[in-house]
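What's in final_10.txt: compact mmCIF, C-alpha atoms and all ligand atoms
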```txt
# COMPACT_ATOMS: atom_id res chain seq x y z
CA MET A 1 85.42 33.43 103.46
CA ARG A 2 88.55 31.49 104.24
CA ILE A 3 90.43 29.50 101.68
CA LEU A 4 93.17 26.98 102.33
CA VAL A 5 95.75 26.71 99.57
CA ILE A 6 98.01 23.66 99.56
CA GLU A 7 100.68 24.34 96.98
CA ASP A 8 104.45 23.83 97.14
CA ASP A 9 105.34 25.96 94.12
CA LYS A 10 106.10 29.37 95.60
CA VAL A 11 105.29 31.36 92.45
CA ILE A 12 101.93 29.65 91.88
CA GLY A 13 101.10 29.68 95.58
CA SER A 14 101.58 33.40 95.93
CA LEU A 15 99.74 34.05 92.68
CA VAL A 16 96.70 32.11 93.91
CA GLU A 17 96.91 33.94 97.23
CA LYS A 18 97.06 37.33 95.51
CA VAL A 19 94.18 36.58 93.15
CA LEU A 20 91.94 35.40 96.01
CA GLU A 21 92.88 38.18 98.41
CA LYS A 22 91.94 40.69 95.75
CA LYS A 23 88.44 39.18 95.95
CA GLU A 24 88.41 39.66 99.74
CA TYR A 25 89.06 36.02 100.60
CA GLU A 26 91.24 35.24 103.59
CA VAL A 27 93.94 32.85 102.47
CA ASP A 28 96.09 30.37 104.38
CA LEU A 29 98.91 29.06 102.24
CA VAL A 30 100.84 25.90 103.11
CA THR A 31 103.43 23.98 101.12
CA THR A 32 103.08 20.40 102.35
CA GLY A 33 100.28 17.85 102.25
CA SER A 34 100.56 16.96 105.91
CA LEU A 35 100.32 20.56 107.13
CA GLY A 36 97.45 21.16 104.75
CA GLU A 37 95.65 18.11 106.04
CA GLU A 38 96.13 19.21 109.62
CA LEU A 39 94.78 22.71 108.98
CA ALA A 40 91.89 21.43 106.89
CA THR A 41 90.85 19.06 109.68
CA LYS A 42 91.03 21.64 112.45
CA GLY A 43 90.13 24.88 110.73
CA LYS A 44 86.91 26.08 109.21
CA TYR A 45 87.47 26.72 105.54
CA ASP A 46 85.02 27.53 102.81
CA CYS A 47 87.17 25.97 100.11
CA ILE A 48 90.45 24.09 99.73
CA ILE A 49 92.68 24.50 96.70
CA LEU A 50 94.95 21.55 96.34
CA ASP A 51 98.01 20.84 94.21
CA LEU A 52 98.63 17.19 93.32
CA GLY A 53 102.43 17.08 93.21
CA LEU A 54 103.35 17.88 96.81
CA PRO A 55 106.76 17.21 98.37
CA ASP A 56 105.59 14.85 101.11
CA LYS A 57 102.55 13.15 99.68
CA ASP A 58 100.25 12.92 96.72
CA GLY A 59 97.48 15.53 96.69
CA LEU A 60 94.99 12.77 95.85
CA GLU A 61 95.89 11.06 99.11
CA VAL A 62 95.31 14.30 101.00
CA CYS A 63 91.94 14.57 99.31
CA ARG A 64 90.91 11.02 100.14
CA SER A 65 92.13 11.22 103.70
CA LEU A 66 90.20 14.44 104.35
CA ARG A 67 87.00 12.93 103.02
CA GLU A 68 87.56 9.87 105.22
CA LYS A 69 87.81 12.20 108.18
CA GLN A 70 84.42 13.64 107.22
CA VAL A 71 85.86 16.99 106.18
CA ASP A 72 83.23 18.19 103.71
CA THR A 73 84.87 21.44 102.61
CA PRO A 74 84.77 21.80 98.81
CA MET A 75 88.07 20.95 97.15
CA LEU A 76 89.43 22.29 93.91
CA ILE A 77 92.40 20.47 92.47
CA LEU A 78 94.88 22.72 90.77
CA SER A 79 97.37 20.76 88.80
CA ALA A 80 99.57 20.62 85.77
CA TYR A 81 98.42 17.10 84.97
CA ASP A 82 95.56 17.42 82.61
CA ALA A 83 95.18 13.79 81.66
CA VAL A 84 91.54 12.77 81.80
CA ASN A 85 92.21 9.86 84.16
CA VAL A 86 93.89 12.15 86.70
CA LYS A 87 90.85 14.42 86.63
CA VAL A 88 88.53 11.50 87.03
CA SER A 89 90.43 9.99 89.95
CA GLY A 90 90.58 13.42 91.62
CA LEU A 91 86.82 13.55 91.52
CA ASP A 92 86.62 9.92 92.62
CA PHE A 93 88.79 10.72 95.62
CA GLY A 94 86.30 13.34 96.74
CA ALA A 95 87.43 16.53 95.01
CA ASP A 96 84.67 18.76 93.65
CA ASP A 97 86.39 20.41 90.73
CA TYR A 98 89.60 20.44 88.75
CA LEU A 99 91.54 23.25 87.13
CA THR A 100 94.63 22.81 84.99
CA LYS A 101 97.75 24.94 85.31
CA PRO A 102 98.41 27.42 83.85
CA PHE A 103 95.03 28.85 84.77
CA ASP A 104 93.20 32.03 84.09
CA ASN A 105 92.76 34.19 87.21
CA GLU A 106 89.12 34.90 86.50
CA GLU A 107 88.45 31.23 85.92
CA LEU A 108 90.00 30.39 89.28
CA THR A 109 87.90 32.88 91.23
CA ALA A 110 84.75 31.87 89.32
CA ARG A 111 85.31 28.20 90.24
CA VAL A 112 86.00 29.04 93.89
CA GLU A 113 82.92 31.22 94.06
CA ALA A 114 80.73 28.54 92.54
CA LEU A 115 82.04 25.91 94.97
CA THR A 116 81.63 28.02 98.09
CA ARG A 117 78.17 29.19 97.03
CA ARG A 118 76.97 25.64 96.43
CA TYR A 119 78.54 24.48 99.69
CA HIS A 120 76.86 27.13 101.81
CA LYS A 121 73.53 26.63 100.11
CA ASN A 122 73.59 22.92 100.91
CA LYS A 123 74.89 23.54 104.41
CA SER A 124 72.14 25.99 105.22
CA ARG A 125 69.56 23.40 104.26
CA GLU A 126 71.33 20.71 106.19
CA VAL A 127 72.26 22.43 109.46
CA LEU A 128 70.01 24.53 111.68
CA SER A 129 71.22 26.28 114.78
CA CYS A 130 70.19 28.54 117.60
CA GLY A 131 72.97 29.66 119.92
CA GLU A 132 74.67 26.50 121.18
CA LEU A 133 71.99 24.22 119.74
CA GLU A 134 72.68 22.68 116.36
CA ILE A 135 70.85 20.08 114.36
CA ASN A 136 72.16 18.24 111.31
CA LEU A 137 69.15 17.19 109.29
CA LEU A 138 71.11 15.00 106.91
CA LYS A 139 72.82 12.97 109.61
CA ARG A 140 69.88 13.34 112.00
CA LYS A 141 72.17 14.42 114.79
CA PHE A 142 71.71 17.01 117.49
CA TYR A 143 74.46 18.90 119.31
CA VAL A 144 74.55 21.21 122.29
CA ASN A 145 77.78 23.15 122.56
CA ASP A 146 79.37 20.58 120.21
CA ASN A 147 78.29 17.67 122.43
CA GLU A 148 76.17 15.14 120.64
CA VAL A 149 72.86 14.64 122.43
CA GLU A 150 70.69 11.71 121.47
CA LEU A 151 67.09 12.46 120.76
CA THR A 152 64.27 10.05 120.00
CA ASN A 153 62.54 10.49 116.64
CA ASN A 154 59.71 12.50 118.13
CA GLU A 155 62.09 14.72 120.05
CA PHE A 156 64.22 15.21 116.96
CA ASP A 157 61.25 16.27 114.84
CA LEU A 158 60.05 18.59 117.56
CA MET A 159 63.51 20.14 117.92
CA THR A 160 63.72 20.59 114.14
CA TYR A 161 60.40 22.42 114.05
CA PHE A 162 61.48 24.73 116.85
CA LEU A 163 64.77 25.50 115.10
CA GLN A 164 62.97 26.19 111.83
CA ASN A 165 60.67 28.59 113.64
CA GLN A 166 62.98 30.04 116.26
CA GLY A 167 61.95 33.34 117.79
CA LYS A 168 58.30 32.73 116.97
CA ILE A 169 55.61 31.75 119.42
CA ILE A 170 54.43 28.28 118.52
CA SER A 171 51.13 27.01 119.82
CA ILE A 172 50.53 23.45 120.92
CA SER A 173 48.04 22.88 118.13
CA GLU A 174 50.57 24.14 115.57
CA LEU A 175 53.11 21.65 116.89
CA ALA A 176 50.58 18.86 116.83
CA GLU A 177 49.64 19.55 113.22
CA ASN A 178 53.13 20.17 111.88
CA VAL A 179 55.25 17.76 113.85
CA TRP A 180 52.87 14.86 114.31
CA GLU A 181 50.52 15.77 111.50
CA ILE A 182 47.52 15.12 113.68
CA GLY A 183 44.99 17.40 115.22
CA PHE A 184 44.69 16.12 118.75
CA ASP A 185 43.15 17.59 121.84
CA THR A 186 45.23 20.67 122.57
CA ARG A 187 44.60 20.38 126.27
CA THR A 188 46.78 17.33 126.41
CA ASN A 189 50.07 17.48 128.16
CA TYR A 190 51.76 15.48 125.42
CA ILE A 191 53.92 18.30 124.00
CA ASN A 192 54.88 19.47 127.47
CA VAL A 193 56.17 16.03 128.26
CA TYR A 194 58.35 15.90 125.14
CA LEU A 195 59.64 19.38 125.78
CA SER A 196 60.57 18.47 129.32
CA TYR A 197 62.56 15.50 127.98
CA ILE A 198 64.46 17.76 125.59
CA ARG A 199 65.06 20.39 128.26
CA LYS A 200 66.46 17.74 130.54
CA LYS A 201 68.79 16.45 127.83
CA ILE A 202 70.25 19.83 126.94
CA ARG A 203 70.59 21.08 130.51
CA PRO A 204 73.99 19.47 131.29
CA TYR A 205 75.62 21.31 128.37
CA THR A 206 74.28 24.81 128.62
CA SER A 207 73.26 27.45 131.13
CA LYS A 208 70.57 28.82 128.84
CA ALA A 209 66.95 27.69 128.96
CA TYR A 210 66.25 28.09 125.21
CA PHE A 211 62.59 27.08 125.50
CA LYS A 212 60.32 29.77 126.83
CA THR A 213 56.79 29.05 127.88
CA ILE A 214 54.47 31.85 126.82
CA ARG A 215 51.39 31.70 129.00
CA LYS A 216 48.22 30.64 127.20
CA GLN A 217 49.95 30.91 123.82
CA GLY A 218 52.59 28.23 123.52
CA PHE A 219 56.37 28.09 123.40
CA LYS A 220 59.24 29.96 121.88
CA LEU A 221 62.77 28.87 121.12
CA THR A 222 65.31 31.63 121.70
CA ASP A 223 68.93 31.93 122.78
CA GLU A 224 68.34 35.20 124.64
CA CA B 1 103.63 20.92 93.07
```
Show the structure stored in the file as structure tokens.
Amino acid sequence: MRILVIEDDKVIGSLVEKVLEKKEYEVDLVTTGSLGEELATKGKYDCIILDLGLPDKDGLEVCRSLREKQVDTPMLILSAYDAVNVKVSGLDFGADDYLTKPFDNEELTARVEALTRRYHKNKSREVLSCGELEINLLKRKFYVNDNEVELTNNEFDLMTYFLQNQGKIISISELAENVWEIGFDTRTNYINVYLSYIRKKIRPYTSKAYFKTIRKQGFKLTDE
């Protein structure tokens, strides 16, 4: 787990770093809002701990700007201001939690743990992947090697079912029942046609086939 700490106070910054590293977190510590924003946008973090009084900009601005850039990493504001309205605006600006300085070390790690746990739980429901293939169920987007590939609704639902059942052999009748919720004639070429569309769409972005045809049984999605 990687945590980004944006804190200009050296004593507090290194304390947070020490507390988290003791719990086996990897910590990147920066002292300005702009550097923090840059790292948070590029890097993959499991949580961001953010001070509000930063030398170059307001922590709330950092928070808002990251959310505008679609960075969905959980953010915990760590600040000496404990006025209710500051807490409320922090949450309004897209932060997930707020902790007042001085803080208790155990409280800090408990909050970080709760945030990262919730984040990964939601993420795992929202994003499915197999090798270079990735589907975001919430945004209904499909990516191959980070390239967005447009799928029709039927193709998207088919792809989702394959990703949910990757590695398993899926018969045509199973697909018909679960994806289209109909029991149609399994001799039809319908599924084959959709699969060929998907195969054609992913081909420019990968050298792997992903879909294997298992004779007389059905298909299997695998990144082998
Ligand atoms: Ca500060």
To check your reading of the model: which residues sit at most 12 Å from ligand CA 1 (chain B) when counting all atoms listed in the file? Write the answer as a VMD selection string. chain A and resid 5 to 13 30 to 33 50 to 59 77 to 81 101
For each of A:Thr109, A:Thr73, A:Asn154, A:Thr160, take the minimum atom-to-atom distance to A:Asn136, counting only C-alpha atoms, then give the residue where this is smallest. A:Thr160
Which residue gives the smallest distance to A:Glu106 among A:Asp82, A:Leu133, A:Val127, A:Leu20, with all atoms listed in the file counted?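 With all atoms listed in the file as the atom set, the closest residue is A:Leu20.
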One number please: atom CA of A:Val86 to atom CA of A:Cys63, in Å, one decimal. 13.0 Å
So, with all atoms listed in the file as the atoms that count, which of A:Met75, A:Leu138, A:Cys47, A:Leu151 lies closest to A:Glu126?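 Of A:Met75, A:Leu138, A:Cys47, A:Leu151, the one nearest A:Glu126, counting all atoms listed in the file, is A:Leu138.
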Between A:Leu115, A:Met159, A:Val16, A:Leu4, which residue has the minimum interatomic distance to A:Leu35, considering all atoms listed in the file?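 For A:Leu35, the nearest of the given residues is A:Leu4.
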Closest of A:Leu91, A:Asn105, A:Val179, A:Tyr161 to A:Lys18 - atom-to-atom distances counting only C-alpha atoms: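 Between A:Leu91, A:Asn105, A:Val179, A:Tyr161, the residue approaching A:Lys18 most closely is A:Asn105.
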What does the structure give for the distance between atom CA of A:Gln166 and atom CA of A:Pro74, in Å to one decimal?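 Straight-line distance from atom CA of A:Gln166 to atom CA of A:Pro74 works out to 29.1 Å.
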Do you know which residues are at most 10 Å from A:Asp28 counting only C-alpha atoms, after dropping those on the same chain fewer than 5 positions away, and could you put them as JSON, numbers by chain? {"A": [2, 3, 4, 5, 6, 17, 36, 39, 45, 48]}
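The two atoms in question, atom CA of A:Val112 and atom CA of A:Asp46, are spaced 9.1 Å apart.
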Near-A:Lys168 list (9 Å; all atoms listed in the file; drop same-chain fewer than 5 positions) as a compact mmCIF listing (two decimals) with C-alpha atoms, keeping the file's coordinate frame:
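The new file part_13.txt reads:
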```txt
# COMPACT_ATOMS: atom_id res chain seq x y z
CA PHE A 162 61.48 24.73 116.85
CA PHE A 219 56.37 28.09 123.40
CA LYS A 220 59.24 29.96 121.88
CA LEU A 221 62.77 28.87 121.12
CA THR A 222 65.31 31.63 121.70
```
Neighbour list for A:Ser207 as a CSV table (one decimal) with C-alpha atoms, in the coordinates of the input, cut-off 12 Å, all atoms listed in the file, skip fewer than 4 positions in-chain:
```
chain,number,residue,atom,x,y,z
A,131,GLY,CA,73.0,29.7,119.9
A,132,GLU,CA,74.7,26.5,121.2
A,133,LEU,CA,72.0,24.2,119.7
A,144,VAL,CA,74.6,21.2,122.3
A,145,ASN,CA,77.8,23.2,122.6
A,199,ARG,CA,65.1,20.4,128.3
A,200,LYS,CA,66.5,17.7,130.5
A,202,ILE,CA,70.2,19.8,126.9
A,203,ARG,CA,70.6,21.1,130.5
A,223,ASP,CA,68.9,31.9,122.8
A,224,GLU,CA,68.3,35.2,124.6
```
Pick from A:Asp157, A:Asp72, A:Glu38, A:Asp97 nearest to A:Glu113, counting only C-alpha atoms: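 Closest to A:Glu113, using only C-alpha atoms: A:Asp97.
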